[in-house]
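**Student:** Sharing protein.txt below, compact mmCIF, C-alpha atoms:
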# COMPACT_ATOMS: atom_id res chain seq x y z
CA MET A 1 -2.24 -15.25 19.51
CA SER A 2 -1.41 -18.83 18.52
CA ASP A 3 1.87 -19.84 16.89
CA TYR A 4 -0.08 -20.79 13.76
CA ALA A 5 -1.65 -17.31 13.48
CA GLU A 6 1.69 -15.57 14.04
CA ASN A 7 3.37 -17.77 11.41
CA ALA A 8 0.53 -17.12 8.96
CA ILE A 9 0.88 -13.35 9.40
CA ASP A 10 4.67 -13.57 9.06
CA ALA A 11 4.26 -15.57 5.84
CA THR A 12 1.72 -13.08 4.48
CA ILE A 13 3.91 -10.04 5.06
CA ALA A 14 7.12 -11.77 3.97
CA HIS A 15 8.93 -10.05 1.12
CA GLN A 16 7.64 -11.02 -2.32
CA PRO A 17 10.15 -9.72 -4.89
CA SER A 18 8.80 -8.06 -8.01
CA PRO A 19 10.48 -6.59 -11.12
CA GLY A 20 9.27 -3.07 -10.31
CA GLU A 21 11.46 -2.86 -7.21
CA ARG A 22 14.36 -1.51 -9.25
CA PHE A 23 12.37 1.71 -9.80
CA TYR A 24 11.79 2.46 -6.09
CA PRO A 25 14.06 2.67 -3.04
CA ALA A 26 13.95 -0.13 -0.46
CA PHE A 27 11.91 0.64 2.65
CA GLU A 28 13.82 2.33 5.41
CA VAL A 29 12.71 4.49 8.28
CA THR A 30 14.10 7.91 7.48
CA PRO A 31 13.90 10.89 9.84
CA GLU A 32 11.46 12.49 7.37
CA LEU A 33 9.18 9.44 7.35
CA ASP A 34 9.26 9.17 11.14
CA ALA A 35 8.47 12.89 11.47
CA ALA A 36 5.60 12.64 8.97
CA ALA A 37 4.16 9.63 10.81
CA SER A 38 4.44 11.42 14.15
CA GLU A 39 2.68 14.43 12.63
CA TYR A 40 -0.21 12.26 11.39
CA VAL A 41 -0.58 10.79 14.89
CA THR A 42 -1.07 14.29 16.35
CA HIS A 43 -4.15 14.78 14.15
CA TYR A 44 -6.13 12.25 16.18
CA PRO A 45 -7.43 12.55 19.77
CA GLU A 46 -5.95 10.60 22.68
CA GLY A 47 -6.77 6.92 22.38
CA LYS A 48 -7.56 7.18 18.66
CA GLN A 49 -4.01 7.50 17.31
CA LYS A 50 -4.22 4.14 15.56
CA SER A 51 -6.50 5.91 13.08
CA ALA A 52 -3.33 7.41 11.61
CA VAL A 53 -2.56 4.02 10.05
CA LEU A 54 -4.08 4.88 6.65
CA PRO A 55 -2.35 8.24 6.07
CA ILE A 56 0.97 6.74 7.20
CA LEU A 57 0.53 3.82 4.77
CA HIS A 58 -0.23 6.25 1.94
CA GLU A 59 2.92 8.19 2.80
CA ILE A 60 4.97 4.99 2.69
CA GLN A 61 3.47 3.89 -0.63
CA LYS A 62 4.09 7.31 -2.17
CA LYS A 63 7.79 7.15 -1.28
CA PHE A 64 8.55 3.42 -1.68
CA GLY A 65 5.98 2.34 -4.29
CA PHE A 66 4.30 -0.31 -2.16
CA ILE A 67 3.77 -1.46 1.42
CA SER A 68 6.44 -4.01 2.34
CA GLY A 69 6.41 -6.42 5.27
CA ASP A 70 9.03 -4.28 6.99
CA ALA A 71 6.79 -1.24 6.56
CA ILE A 72 3.81 -3.12 8.01
CA ALA A 73 5.86 -4.14 11.05
CA TRP A 74 7.18 -0.58 11.53
CA VAL A 75 3.72 1.01 11.31
CA GLY A 76 2.44 -1.49 13.87
CA GLU A 77 5.26 -0.62 16.26
CA LYS A 78 4.86 3.12 15.63
CA LEU A 79 1.14 3.03 16.43
CA ASN A 80 1.35 0.32 19.10
CA ILE A 81 -0.97 -1.99 17.15
CA SER A 82 -0.43 -5.48 15.77
CA ALA A 83 1.03 -6.20 12.37
CA ALA A 84 -2.17 -8.16 11.72
CA HIS A 85 -4.22 -4.98 12.16
CA VAL A 86 -1.96 -3.04 9.76
CA LEU A 87 -2.06 -5.93 7.28
CA GLY A 88 -5.85 -5.90 7.49
CA VAL A 89 -5.88 -2.25 6.48
CA VAL A 90 -3.44 -2.87 3.62
CA THR A 91 -5.44 -5.77 2.23
CA PHE A 92 -8.81 -4.01 2.67
CA TYR A 93 -8.02 -0.88 0.63
CA PRO A 94 -7.56 -1.59 -3.09
CA GLY A 95 -5.36 1.49 -3.54
CA LEU A 96 -2.66 0.03 -1.28
CA ARG A 97 -0.20 -2.40 -2.85
CA GLN A 98 1.86 -5.17 -1.27
CA MET A 99 3.94 -5.65 -4.41
CA CYS A 100 5.94 -3.01 -6.21
CA PRO A 101 4.37 -1.74 -9.43
CA GLY A 102 6.21 -1.71 -12.72
CA LYS A 103 7.69 1.34 -14.37
CA LYS A 104 4.43 2.28 -16.10
CA PRO A 105 1.38 2.13 -13.83
CA HIS A 106 -1.74 0.51 -15.23
CA PRO A 107 -4.65 2.87 -15.74
CA ARG A 108 -7.44 2.24 -13.26
CA MET A 109 -10.98 2.39 -14.60
CA PRO A 110 -14.20 1.03 -13.19
CA HIS A 111 -15.06 -2.34 -14.73
CA SER A 112 -18.59 -1.09 -15.35
CA PHE A 113 -17.17 1.67 -17.60
CA LEU A 114 -15.34 -0.88 -19.70
CA ARG A 115 -18.28 -3.31 -19.90
CA HIS A 116 -21.26 -1.04 -20.41
CA GLY A 117 -22.33 2.02 -22.29
CA GLY A 118 -20.39 1.48 -25.53
CA GLY A 119 -17.18 2.80 -24.01
CA GLY A 120 -15.56 -0.51 -23.28
CA GLN A 121 -14.26 -1.82 -26.60
CA PRO A 122 -12.95 1.48 -28.01
CA VAL A 123 -11.17 2.23 -24.72
CA ARG A 124 -9.66 -1.26 -24.59
CA ARG A 125 -8.44 -0.97 -28.20
CA HIS A 126 -6.90 2.45 -27.48
CA LEU A 127 -5.14 1.21 -24.33
CA HIS A 128 -3.87 -1.88 -26.10
CA ALA A 129 -2.59 0.14 -29.08
CA SER A 130 -0.81 2.63 -26.81
CA GLY A 131 1.03 -0.10 -24.92
CA HIS A 132 -0.95 0.00 -21.67
Go ahead and render the structure in this file as structure tokens.
**Tutor:**
Amino acid sequence: MSDYAENAIDATIAHQPSPGERFYPAFEVTPELDAAASEYVTHYPEGKQKSAVLPILHEIQKKFGFISGDAIAWVGEKLNISAAHVLGVVTFYPGLRQMCPGKKPHPRMPHSFLRHGGGGQPVRRHLHASGH
């Protein structure tokens, strides 16, 4: 891999502070997290262990609120894959976050529901009135 590509990946996974971080613990590899990751790896046949990347990332996000650069690097080392591969998974799946959410999560609804079928405006007014 070229120096440019490595620097670009490092810059992409660099820590981007967000206000929501005060509601979640900082990423650290705990014995429980390491054991859970090792357990996920056993669910896949020999040579296919890198497929455990998604369940491990979900586990990390559940505990720490988002997928940090340190978490991306650790998952890559754990599964013997590149940080670029892990980052590709994180950026591909819309349910995985690279920035910590705020205290109140935003409701997720399909855009088509809000735009079509008469449901959009009443739902938007309700969400706005309730502080979402």
**Student:** Just give me the gap between CA of Lys78 (chain A) and CA of Ala52 (chain A) in Å, one decimal is fine.
**Tutor:**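 Distance reported for this atom pair: 10.1 Å.
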**Student:** So, counting all atoms listed in the file, which residue among A:Gly69, A:Gly47, A:Pro101, A:Gly88 is closest to Glu21 (chain A)?
**Tutor:** A:Pro101
**Student:** When you draw a straight line from CA of Val53 (chain A) to CA of Met99 (chain A), how long is it in Å?
**Tutor:**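 Rounded to one decimal, the two atoms are 18.6 Å apart.
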**Student:** Would you mind reading off the distance between CA of Gly65 (chain A) and CA of Asn80 (chain A), one decimal, in Å?
**Tutor:** 23.9 Å
**Student:** If I put a ball of radius 9 Å at (3.2, -1.6, 9.4) in the file's coordinates, which residues poke into it when counting all atoms listed in the file, written as a PDB file with C-alpha atoms, keeping the file's coordinate frame?
**Tutor:**
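And here is the file that came out, point_6.pdb:
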ATOM      1  CA  VAL A  53      -2.560   4.020  10.050  1.00  0.00           C
ATOM      2  CA  ILE A  56       0.970   6.740   7.200  1.00  0.00           C
ATOM      3  CA  LEU A  57       0.530   3.820   4.770  1.00  0.00           C
ATOM      4  CA  ILE A  67       3.770  -1.460   1.420  1.00  0.00           C
ATOM      5  CA  SER A  68       6.440  -4.010   2.340  1.00  0.00           C
ATOM      6  CA  GLY A  69       6.410  -6.420   5.270  1.00  0.00           C
ATOM      7  CA  ASP A  70       9.030  -4.280   6.990  1.00  0.00           C
ATOM      8  CA  ALA A  71       6.790  -1.240   6.560  1.00  0.00           C
ATOM      9  CA  ILE A  72       3.810  -3.120   8.010  1.00  0.00           C
ATOM     10  CA  ALA A  73       5.860  -4.140  11.050  1.00  0.00           C
ATOM     11  CA  TRP A  74       7.180  -0.580  11.530  1.00  0.00           C
ATOM     12  CA  VAL A  75       3.720   1.010  11.310  1.00  0.00           C
ATOM     13  CA  GLY A  76       2.440  -1.490  13.870  1.00  0.00           C
ATOM     14  CA  GLU A  77       5.260  -0.620  16.260  1.00  0.00           C
ATOM     15  CA  LYS A  78       4.860   3.120  15.630  1.00  0.00           C
ATOM     16  CA  LEU A  79       1.140   3.030  16.430  1.00  0.00           C
ATOM     17  CA  ILE A  81      -0.970  -1.990  17.150  1.00  0.00           C
ATOM     18  CA  SER A  82      -0.430  -5.480  15.770  1.00  0.00           C
ATOM     19  CA  ALA A  83       1.030  -6.200  12.370  1.00  0.00           C
ATOM     20  CA  ALA A  84      -2.170  -8.160  11.720  1.00  0.00           C
ATOM     21  CA  HIS A  85      -4.220  -4.980  12.160  1.00  0.00           C
ATOM     22  CA  VAL A  86      -1.960  -3.040   9.760  1.00  0.00           C
ATOM     23  CA  LEU A  87      -2.060  -5.930   7.280  1.00  0.00           C
ATOM     24  CA  VAL A  90      -3.440  -2.870   3.620  1.00  0.00           C
TER      25      VAL A  90
END
